[in-house]
Amino acid sequence: MSWIRITNAENIPLREGRSVRLGDDEIAIFNLGDRYVAVDNSCPHRGGPLCDGIVSGDTVVCPLHGWKISLDTGEVMKPDVCVKVGTYPVSVEDGIIRVQYSKQKEERAA
C-alpha cells in the first residue's frame with residue numbers, strides 16, 4: 001500500500017464529499033470538520049454516488065435511496081443489513097490530503 005496525494009484540503013468544503021478515481025476504484029473523500037475520511041464512492045444498494053450524499057456527524061446518506069453509511073467503518077447503518085463499503089486511511093500533511101491505497105482490493109480486506 002502507498003500514500004497517494006489527492007488534493008489541497010481546502011478543495012473539499014466542510015460537510016461535503018468529492019470523488020476521485022484511484023486505479024479501478026472511485027473513492028469519496030469527506031471533510032468532517034475535524035478530519036477527513038475516505039470510502040468507496042458506490043453505495044452497496046444500487047451504486048449511488050456517496051460523494052453526493054448528505055453528511056451528518058460521521059455518516060453519509062446515499063442520495064438515491066437513503067441508505068445511511070458510517071464513514072468510519074463503512075458499515076450500512078440503515079437499513080439493518082450486514083453490508084459495508086471499503087474505507088481508506090487518510091492523512092493531511094502540509095494542507096495536502098493523502099489516501100493510503102492499494103491497487104488490489106484483496107490487500108485492503110486483509
# chains A, B, ... in the order shown; residues from 1 in each chain; ligands from 1
$ residues_around --residues "Glu10 (chain A)" --least-positions-apart "3" --cutoff "12 Å" --atoms "only C-alpha atoms" --output "PyMOL selection string"
chain A and resi 6-7+13-14+16+18+30-31+33+36+92+94-97
$ select_by_dssp --residues "chain A" --states "strand (DSSP E)" --output "VMD selection string"
chain A and resid 2 to 8 17 to 22 25 to 31 36 to 40 54 to 56 59 to 61 68 to 70 76 to 78 87 to 88 90 to 93 96 to 101
$ closest_residue --among "A:Arg98, A:Arg15, A:Lys103, A:Arg5" --to "Ile54 (chain A)" --atoms "only C-alpha atoms"
A:Arg15
$ atom_distance --atom1 "CA of Val83 (chain A)" --atom2 "CA of Ser102 (chain A)"
21.1 Å
$ residues_around --residues "Leu50 (chain A)" --least-positions-apart "6" --cutoff "10 Å" --atoms "only C-alpha atoms" --output "VMD selection string"
chain A and resid 17 to 19 27 to 30 39 to 44 60 to 64 67 to 69
$ write_last_selection --atoms "C-alpha atoms" --output "mmCIF file, in the first residue's frame"
data_model
loop_
_atom_site.group_PDB
_atom_site.id
_atom_site.type_symbol
_atom_site.label_atom_id
_atom_site.label_comp_id
_atom_site.auth_asym_id
_atom_site.auth_seq_id
_atom_site.Cartn_x
_atom_site.Cartn_y
_atom_site.Cartn_z
ATOM 1 C CA GLY A 17 -17.644 14.907 -0.291
ATOM 2 C CA ARG A 18 -15.685 14.772 -3.516
ATOM 3 C CA SER A 19 -14.887 11.792 -5.715
ATOM 4 C CA ILE A 27 -13.329 6.869 -3.807
ATOM 5 C CA ALA A 28 -15.316 9.541 -1.945
ATOM 6 C CA ILE A 29 -13.358 11.841 0.363
ATOM 7 C CA PHE A 30 -15.304 13.783 3.006
ATOM 8 C CA VAL A 39 -14.755 5.370 1.474
ATOM 9 C CA ASP A 40 -15.698 3.637 -1.752
ATOM 10 C CA ASN A 41 -17.941 6.045 -3.660
ATOM 11 C CA SER A 42 -20.566 3.466 -4.611
ATOM 12 C CA CYS A 43 -23.492 2.682 -2.288
ATOM 13 C CA PRO A 44 -23.860 -1.108 -1.912
ATOM 14 C CA VAL A 60 -23.468 9.881 4.878
ATOM 15 C CA VAL A 61 -26.917 9.210 3.440
ATOM 16 C CA CYS A 62 -26.951 7.904 -0.121
ATOM 17 C CA PRO A 63 -28.694 10.428 -2.398
ATOM 18 C CA LEU A 64 -30.582 7.750 -4.345
ATOM 19 C CA TRP A 67 -29.108 4.209 2.897
ATOM 20 C CA LYS A 68 -27.108 5.555 5.861
ATOM 21 C CA ILE A 69 -23.426 4.583 5.948
#
$ atom_distance --atom1 "CA of Val81 (chain A)" --atom2 "CA of Asp25 (chain A)"
23.2 Å
$ closest_residue --among "A:Met1, A:Ala9, A:Ala38, A:Val55" --to "Arg21 (chain A)" --atoms "only C-alpha atoms"
A:Ala38
$ select_by_dssp --residues "chain A" --states "helix (DSSP H, G or I)" --output "NGL selection string"
:A and (9-11 or 50-52 or 105-109)
$ write_last_selection --atoms "N, CA and C atoms" --output "PDB file, in the first residue's frame"
ATOM      1  N   ALA A   9      -6.510  20.330   1.025  1.00  0.00           N
ATOM      2  CA  ALA A   9      -7.633  20.135   1.939  1.00  0.00           C
ATOM      3  C   ALA A   9      -8.718  21.183   1.724  1.00  0.00           C
ATOM      4  N   GLU A  10      -8.340  22.373   1.369  1.00  0.00           N
ATOM      5  CA  GLU A  10      -9.318  23.454   1.167  1.00  0.00           C
ATOM      6  C   GLU A  10     -10.243  23.209  -0.029  1.00  0.00           C
ATOM      7  N   ASN A  11      -9.922  22.227  -0.862  1.00  0.00           N
ATOM      8  CA  ASN A  11     -10.757  21.923  -2.028  1.00  0.00           C
ATOM      9  C   ASN A  11     -11.983  21.075  -1.698  1.00  0.00           C
ATOM     10  N   LEU A  50     -21.919   8.157  -3.274  1.00  0.00           N
ATOM     11  CA  LEU A  50     -21.911   8.600  -1.884  1.00  0.00           C
ATOM     12  C   LEU A  50     -21.352  10.006  -1.726  1.00  0.00           C
ATOM     13  N   CYS A  51     -20.450  10.430  -2.619  1.00  0.00           N
ATOM     14  CA  CYS A  51     -19.874  11.775  -2.520  1.00  0.00           C
ATOM     15  C   CYS A  51     -20.942  12.861  -2.633  1.00  0.00           C
ATOM     16  N   ASP A  52     -22.099  12.535  -3.201  1.00  0.00           N
ATOM     17  CA  ASP A  52     -23.193  13.498  -3.349  1.00  0.00           C
ATOM     18  C   ASP A  52     -24.216  13.394  -2.220  1.00  0.00           C
ATOM     19  N   LYS A 105      -7.844  -4.986  -4.206  1.00  0.00           N
ATOM     20  CA  LYS A 105      -8.848  -4.975  -3.138  1.00  0.00           C
ATOM     21  C   LYS A 105      -8.571  -6.064  -2.102  1.00  0.00           C
ATOM     22  N   GLU A 106      -7.999  -7.181  -2.508  1.00  0.00           N
ATOM     23  CA  GLU A 106      -7.746  -8.261  -1.567  1.00  0.00           C
ATOM     24  C   GLU A 106      -6.788  -7.802  -0.486  1.00  0.00           C
ATOM     25  N   GLU A 107      -5.822  -6.944  -0.828  1.00  0.00           N
ATOM     26  CA  GLU A 107      -4.870  -6.467   0.157  1.00  0.00           C
ATOM     27  C   GLU A 107      -5.575  -5.610   1.196  1.00  0.00           C
ATOM     28  N   ARG A 108      -6.569  -4.805   0.797  1.00  0.00           N
ATOM     29  CA  ARG A 108      -7.269  -3.943   1.738  1.00  0.00           C
ATOM     30  C   ARG A 108      -8.137  -4.767   2.684  1.00  0.00           C
ATOM     31  N   ALA A 109      -8.667  -5.873   2.194  1.00  0.00           N
ATOM     32  CA  ALA A 109      -9.574  -6.685   3.006  1.00  0.00           C
ATOM     33  C   ALA A 109      -8.828  -7.455   4.094  1.00  0.00           C
TER      34      ALA A 109
END
$ atom_distance --atom1 "CA of Leu71 (chain A)" --atom2 "CA of Thr87 (chain A)"
7.6 Å
$ residues_around --residues "Asp72 (chain A)" --least-positions-apart "5" --cutoff "8 Å" --atoms "only C-alpha atoms" --output "ChimeraX atom specification"
/A:37,58-59,87
$ decode --residues "region 52-68 of chain A" --atoms "N, CA and C atoms" --output "compact mmCIF listing (two decimals), in the first residue's frame"
# COMPACT_ATOMS: atom_id res chain seq x y z
N ASP A 52 -22.10 12.54 -3.20
CA ASP A 52 -23.19 13.50 -3.35
C ASP A 52 -24.22 13.39 -2.22
N GLY A 53 -23.97 12.52 -1.25
CA GLY A 53 -24.91 12.31 -0.16
C GLY A 53 -24.86 13.40 0.89
N ILE A 54 -25.82 13.35 1.81
CA ILE A 54 -25.90 14.31 2.90
C ILE A 54 -25.07 13.78 4.07
N VAL A 55 -24.13 14.60 4.53
CA VAL A 55 -23.25 14.23 5.64
C VAL A 55 -23.85 14.74 6.94
N SER A 56 -23.93 13.84 7.93
CA SER A 56 -24.41 14.21 9.26
C SER A 56 -23.53 13.50 10.27
N GLY A 57 -22.82 14.26 11.08
CA GLY A 57 -21.88 13.64 12.02
C GLY A 57 -20.83 12.86 11.27
N ASP A 58 -20.73 11.57 11.55
CA ASP A 58 -19.76 10.72 10.86
C ASP A 58 -20.44 9.72 9.93
N THR A 59 -21.61 10.13 9.38
CA THR A 59 -22.33 9.27 8.44
C THR A 59 -22.67 10.05 7.18
N VAL A 60 -22.98 9.29 6.12
CA VAL A 60 -23.47 9.88 4.88
C VAL A 60 -24.72 9.11 4.47
N VAL A 61 -25.69 9.83 3.93
CA VAL A 61 -26.92 9.21 3.44
C VAL A 61 -26.87 9.21 1.92
N CYS A 62 -26.99 8.04 1.33
CA CYS A 62 -26.95 7.90 -0.12
C CYS A 62 -28.05 8.76 -0.75
N PRO A 63 -27.71 9.54 -1.78
CA PRO A 63 -28.69 10.43 -2.40
C PRO A 63 -29.77 9.71 -3.20
N LEU A 64 -29.59 8.44 -3.52
CA LEU A 64 -30.58 7.75 -4.34
C LEU A 64 -31.71 7.12 -3.54
N HIS A 65 -31.36 6.35 -2.51
CA HIS A 65 -32.40 5.60 -1.80
C HIS A 65 -32.30 5.71 -0.28
N GLY A 66 -31.48 6.62 0.23
CA GLY A 66 -31.46 6.90 1.65
C GLY A 66 -30.73 5.95 2.56
N TRP A 67 -29.88 5.08 2.02
CA TRP A 67 -29.11 4.21 2.90
C TRP A 67 -28.10 5.06 3.68
N LYS A 68 -28.00 4.81 4.98
CA LYS A 68 -27.11 5.56 5.86
C LYS A 68 -25.86 4.72 6.12
